[in-house]
Amino acid sequence: MTKHTESEKTASMHNIDMELIEMTLDVMKYAIHRITSTSLEMGSPKKEEELRRLVGETVTDTGIGGENAFQLFKDVLIKATVPIDHPRHLAFVPAAPTRAAIMFDLVTAASSIHGAYWMEGAGGIFCENEAMKWLVSLTGLPKPAFGVFTSGGTAANLSALVAAREYWRKNPEHQNIKGLIITSVGAHSSVKAMAKVIDVDLMLVETEDAMSGQALQGILKTLDIQQRKRLFAVVATGGTTNAGIIDDLSGIAEICETEKLWFHVDAAYGGGALAADSVRHLFNGIERADSITIDPHKWLFSPYDCGAVIYKDPQLAREAHSQEGSYLDIFKDEGAHGFNPSDYQIQLTRRVRGMPLWFSLAMHGTDKYKWAVEQGISLANLAGRLISENPVVELVREPSLSCVLYRRKGWTPDDYRDWTYKNQREGFALVTPTKWKQGDTYETVARFCFINPDTTEEDIVAILGTMG
């Protein structure tokens, strides 16, 4: 057997040979099949021990070969996943990336563009900025509002609140005290997690329904002098993950302006509905926000991972996030002048994750995006009517955006859990329960979230039929 030097072994990974060409063709064949498929298989997760038994050791000293590894992926591993874009995946907040966006995600990876600084990634960042201009236009924020793409809503919320905290700390009196944020019980879990990361306290308005300006004013009146001094931001929600509820954005904006508080709107899920004329009025007041989170990988049909944070005054974000280092100085030089996305959010290294959204928008136009978002709203309203006509189920509340909460009469939490697993095991659907607060108690209920415009009335009827 021929022995190779260490340099030869390393170099061989980057050589172009017949094995690489054949693997490239196999991968592209798989990708084309997946992109053009109209009948997806609903996979089911397996325990780690079972997957280990089925595939064996895959990372070894000498490798198992691309063909073998890819076959294991196709035969075993992909079948242990649930495709997020399956028309009967109605759990959590699913996704339905356009085929154009998926195709261009391949191009994005193949192009090896570093999206942190204009000096390296100008063309790709330009594409992202074109898509960002459209997002900003949906919000109605005034110039010079702008934003950047992030890994998701958590990173976007974190970036926005770091900017808010640093702006607040420009006041010398706030340098050595712990900040305070107000949000509602219905806010996304990432808001609560983010408060821990930036070491601020969180005060909750006790409602899972819409947080009103009146409720916010009420909690402000309960603050003592020290708490009021520590308060620097209010986080409202533009479409709660649990139920699609939109807070009283105008009322909250009014109070934040009067009280000189940073107003952040987490519209990670609901922000896609800004494109829908039928519900755009429900977001009135969002144009008065200091920062907004929107996740294109949720309701704007982009592949994972693609979130966005938008700032009314981007300079404040730049002051909070721009990193310094001798190795970074060249990026700030006039000769490398341009928009540097890493100056506006927490991550330095970043891929140009907004490029697939740009390509899909460029290919299809914004009117088709509006239609697809409206379709999700229409499906939720259709589901509401079908539930109202079904004697064994009933609505918990009226559908909001693309979310529907409903109960199966007589069921216990265990019944909902068993129903979820049965549908998933059978490869039929993924619909999960949630909890809804009624007074001081939480009730387990079923939940639909419609994103995929390919979901049909027949799908909804069939899922309801599994409830007996």
# chains A, B, ... in the order shown; residues from 1 in each chain; ligands from 1
call {"tool": "closest_atom_pairs", "arguments": {"of": "region 371-443 of chain A", "to": "region 273-295 of chain A", "cutoff": "9 Å", "atoms": "only C-alpha atoms", "output": "Markdown table"}}
result
| residue | atom | partner | partner_atom | distance |
| --- | --- | --- | --- | --- |
| A:Trp371 | CA | A:Ala276 | CA | 7.6 |
| A:Ala372 | CA | A:Ala276 | CA | 8.9 |
| A:Val373 | CA | A:Ala276 | CA | 6.2 |
| A:Glu374 | CA | A:Ala276 | CA | 5.7 |
| A:Ile377 | CA | A:Ala273 | CA | 8.6 |
| A:Leu401 | CA | A:Ala273 | CA | 7.4 |
call {"tool": "select_by_dssp", "arguments": {"residues": "region 107-268 of chain A", "states": "helix (DSSP H, G or I)", "output": "MDAnalysis selection string"}}
result
chainID A and resid 107:111 118:139 153:168 172:174 189:197 213:221 225:230 249:259
call {"tool": "closest_residue", "arguments": {"among": "A:Thr456, A:Thr207, A:Ser151, A:Ser44", "to": "Asp440 (chain A)", "atoms": "only C-alpha atoms"}}
result
A:Thr207
call {"tool": "residues_around", "arguments": {"residues": "region 242-258 of chain A", "least_positions_apart": "2", "cutoff": "7 Å", "atoms": "only C-alpha atoms", "output": "JSON list (two decimals) with N, CA and C atoms, in the first residue's frame"}}
result
[["chain", "number", "residue", "atom", "x", "y", "z"],
["A", 209, "ASP", "N", -52.64, 37.70, 26.04],
["A", 209, "ASP", "CA", -53.34, 38.39, 24.96],
["A", 209, "ASP", "C", -52.52, 39.63, 24.61],
["A", 210, "ALA", "N", -53.09, 40.52, 23.79],
["A", 210, "ALA", "CA", -52.35, 41.69, 23.35],
["A", 210, "ALA", "C", -51.98, 42.58, 24.52],
["A", 211, "MET", "N", -50.70, 42.98, 24.59],
["A", 211, "MET", "CA", -50.28, 43.96, 25.59],
["A", 211, "MET", "C", -50.74, 45.34, 25.11],
["A", 212, "SER", "N", -51.50, 46.01, 25.92],
["A", 212, "SER", "CA", -52.04, 47.31, 25.54],
["A", 212, "SER", "C", -51.20, 48.44, 26.11],
["A", 213, "GLY", "N", -51.36, 49.61, 25.54],
["A", 213, "GLY", "CA", -50.69, 50.77, 26.09],
["A", 213, "GLY", "C", -51.16, 51.04, 27.51],
["A", 236, "ALA", "N", -42.32, 44.88, 22.55],
["A", 236, "ALA", "CA", -43.67, 44.48, 22.14],
["A", 236, "ALA", "C", -43.55, 43.37, 21.11],
["A", 237, "THR", "N", -44.65, 42.69, 20.86],
["A", 237, "THR", "CA", -44.63, 41.56, 19.93],
["A", 237, "THR", "C", -45.56, 41.84, 18.75],
["A", 238, "GLY", "N", -45.02, 41.65, 17.56],
["A", 238, "GLY", "CA", -45.82, 41.81, 16.34],
["A", 238, "GLY", "C", -46.20, 40.45, 15.80],
["A", 239, "GLY", "N", -47.03, 39.73, 16.56],
["A", 239, "GLY", "CA", -47.45, 38.38, 16.18],
["A", 239, "GLY", "C", -46.81, 37.35, 17.10],
["A", 240, "THR", "N", -47.47, 37.03, 18.21],
["A", 240, "THR", "CA", -46.88, 36.06, 19.14],
["A", 240, "THR", "C", -46.78, 34.69, 18.48],
["A", 260, "LYS", "N", -39.32, 58.30, 26.97],
["A", 260, "LYS", "CA", -37.95, 58.19, 26.45],
["A", 260, "LYS", "C", -37.37, 56.79, 26.68],
["A", 261, "LEU", "N", -38.15, 55.79, 26.26],
["A", 261, "LEU", "CA", -37.73, 54.39, 26.35],
["A", 261, "LEU", "C", -37.51, 53.84, 24.95],
["A", 262, "TRP", "N", -36.54, 52.95, 24.81],
["A", 262, "TRP", "CA", -36.30, 52.28, 23.53],
["A", 262, "TRP", "C", -37.47, 51.33, 23.26],
["A", 263, "PHE", "N", -38.03, 51.42, 22.07],
["A", 263, "PHE", "CA", -39.19, 50.61, 21.69],
["A", 263, "PHE", "C", -38.76, 49.57, 20.67],
["A", 270, "GLY", "N", -44.49, 37.21, 12.98],
["A", 270, "GLY", "CA", -45.57, 37.98, 12.35],
["A", 270, "GLY", "C", -45.13, 39.00, 11.33],
["A", 283, "PHE", "N", -50.65, 46.31, 12.35],
["A", 283, "PHE", "CA", -49.28, 46.63, 12.78],
["A", 283, "PHE", "C", -49.04, 48.14, 12.88],
["A", 284, "ASN", "N", -50.10, 48.93, 12.76],
["A", 284, "ASN", "CA", -49.91, 50.38, 12.86],
["A", 284, "ASN", "C", -49.20, 50.73, 14.16],
["A", 285, "GLY", "N", -48.17, 51.55, 14.04],
["A", 285, "GLY", "CA", -47.34, 51.90, 15.19],
["A", 285, "GLY", "C", -45.95, 51.30, 15.08],
["A", 286, "ILE", "N", -45.80, 50.26, 14.26],
["A", 286, "ILE", "CA", -44.48, 49.63, 14.12],
["A", 286, "ILE", "C", -43.48, 50.59, 13.50],
["A", 288, "ARG", "N", -42.94, 53.41, 14.35],
["A", 288, "ARG", "CA", -42.41, 54.28, 15.41],
["A", 288, "ARG", "C", -41.40, 53.54, 16.30],
["A", 289, "ALA", "N", -41.11, 52.30, 15.94],
["A", 289, "ALA", "CA", -40.17, 51.50, 16.74],
["A", 289, "ALA", "C", -38.73, 51.99, 16.56],
["A", 400, "SER", "N", -55.74, 34.20, 14.47],
["A", 400, "SER", "CA", -55.02, 35.47, 14.39],
["A", 400, "SER", "C", -53.78, 35.27, 13.53],
["A", 401, "LEU", "N", -53.61, 36.13, 12.52],
["A", 401, "LEU", "CA", -52.59, 35.93, 11.50],
["A", 401, "LEU", "C", -52.74, 34.52, 10.94],
["A", 402, "SER", "N", -51.74, 33.65, 11.08],
["A", 402, "SER", "CA", -51.88, 32.29, 10.53],
["A", 402, "SER", "C", -51.93, 31.23, 11.63],
["A", 403, "CYS", "N", -52.22, 31.66, 12.86],
["A", 403, "CYS", "CA", -52.28, 30.74, 13.99],
["A", 403, "CYS", "C", -53.73, 30.43, 14.39],
["A", 404, "VAL", "N", -53.97, 29.17, 14.73],
["A", 404, "VAL", "CA", -55.30, 28.73, 15.17],
["A", 404, "VAL", "C", -55.13, 27.87, 16.42],
["A", 405, "LEU", "N", -55.76, 28.28, 17.51],
["A", 405, "LEU", "CA", -55.78, 27.48, 18.74],
["A", 405, "LEU", "C", -57.16, 26.84, 18.86]]
call {"tool": "select_by_dssp", "arguments": {"residues": "region 287-365 of chain A", "states": "strand (DSSP E)", "output": "list in words"}}
result
Ser291, Ile292, Thr293, Ile294, Gly307, Ala308, Val309, Ile310 and Tyr311 of chain A
call {"tool": "write_last_selection", "arguments": {"atoms": "N, CA and C atoms", "output": "short mmCIF file (atom, residue, chain, number, x, y, z; two decimals), in the first residue's frame"}}
result
data_model
loop_
_atom_site.label_atom_id
_atom_site.label_comp_id
_atom_site.auth_asym_id
_atom_site.auth_seq_id
_atom_site.Cartn_x
_atom_site.Cartn_y
_atom_site.Cartn_z
N SER A 291 -36.32 49.63 16.95
CA SER A 291 -35.73 48.44 16.32
C SER A 291 -36.81 47.40 16.13
N ILE A 292 -36.62 46.56 15.12
CA ILE A 292 -37.62 45.55 14.75
C ILE A 292 -36.89 44.27 14.36
N THR A 293 -37.42 43.15 14.82
CA THR A 293 -36.94 41.83 14.40
C THR A 293 -37.94 41.20 13.44
N ILE A 294 -37.45 40.69 12.30
CA ILE A 294 -38.26 39.93 11.35
C ILE A 294 -37.43 38.73 10.91
N GLY A 307 -32.58 35.52 9.78
CA GLY A 307 -33.35 36.51 10.53
C GLY A 307 -32.93 37.90 10.09
N ALA A 308 -33.53 38.91 10.68
CA ALA A 308 -33.15 40.29 10.35
C ALA A 308 -33.45 41.20 11.52
N VAL A 309 -32.58 42.16 11.72
CA VAL A 309 -32.83 43.23 12.69
C VAL A 309 -32.73 44.55 11.95
N ILE A 310 -33.71 45.41 12.21
CA ILE A 310 -33.81 46.71 11.53
C ILE A 310 -33.78 47.80 12.61
N TYR A 311 -33.03 48.87 12.34
CA TYR A 311 -32.90 49.97 13.30
C TYR A 311 -33.43 51.27 12.70
#
call {"tool": "atom_distance", "arguments": {"atom1": "CA of Lys370 (chain A)", "atom2": "CA of Glu458 (chain A)"}}
result
23.4 Å
call {"tool": "closest_atom_pairs", "arguments": {"of": "region 353-437 of chain A", "to": "region 101-109 of chain A", "cutoff": "8 Å", "atoms": "only C-alpha atoms", "output": "CSV"}}
result
residue,atom,partner,partner_atom,distance
A:Arg353,CA,A:Thr108,CA,7.8
A:Met355,CA,A:Thr108,CA,6.9
A:Pro356,CA,A:Ala101,CA,4.4
A:Leu357,CA,A:Ala101,CA,5.8
A:Phe359,CA,A:Ala101,CA,6.4
A:Ser360,CA,A:Ala101,CA,5.1
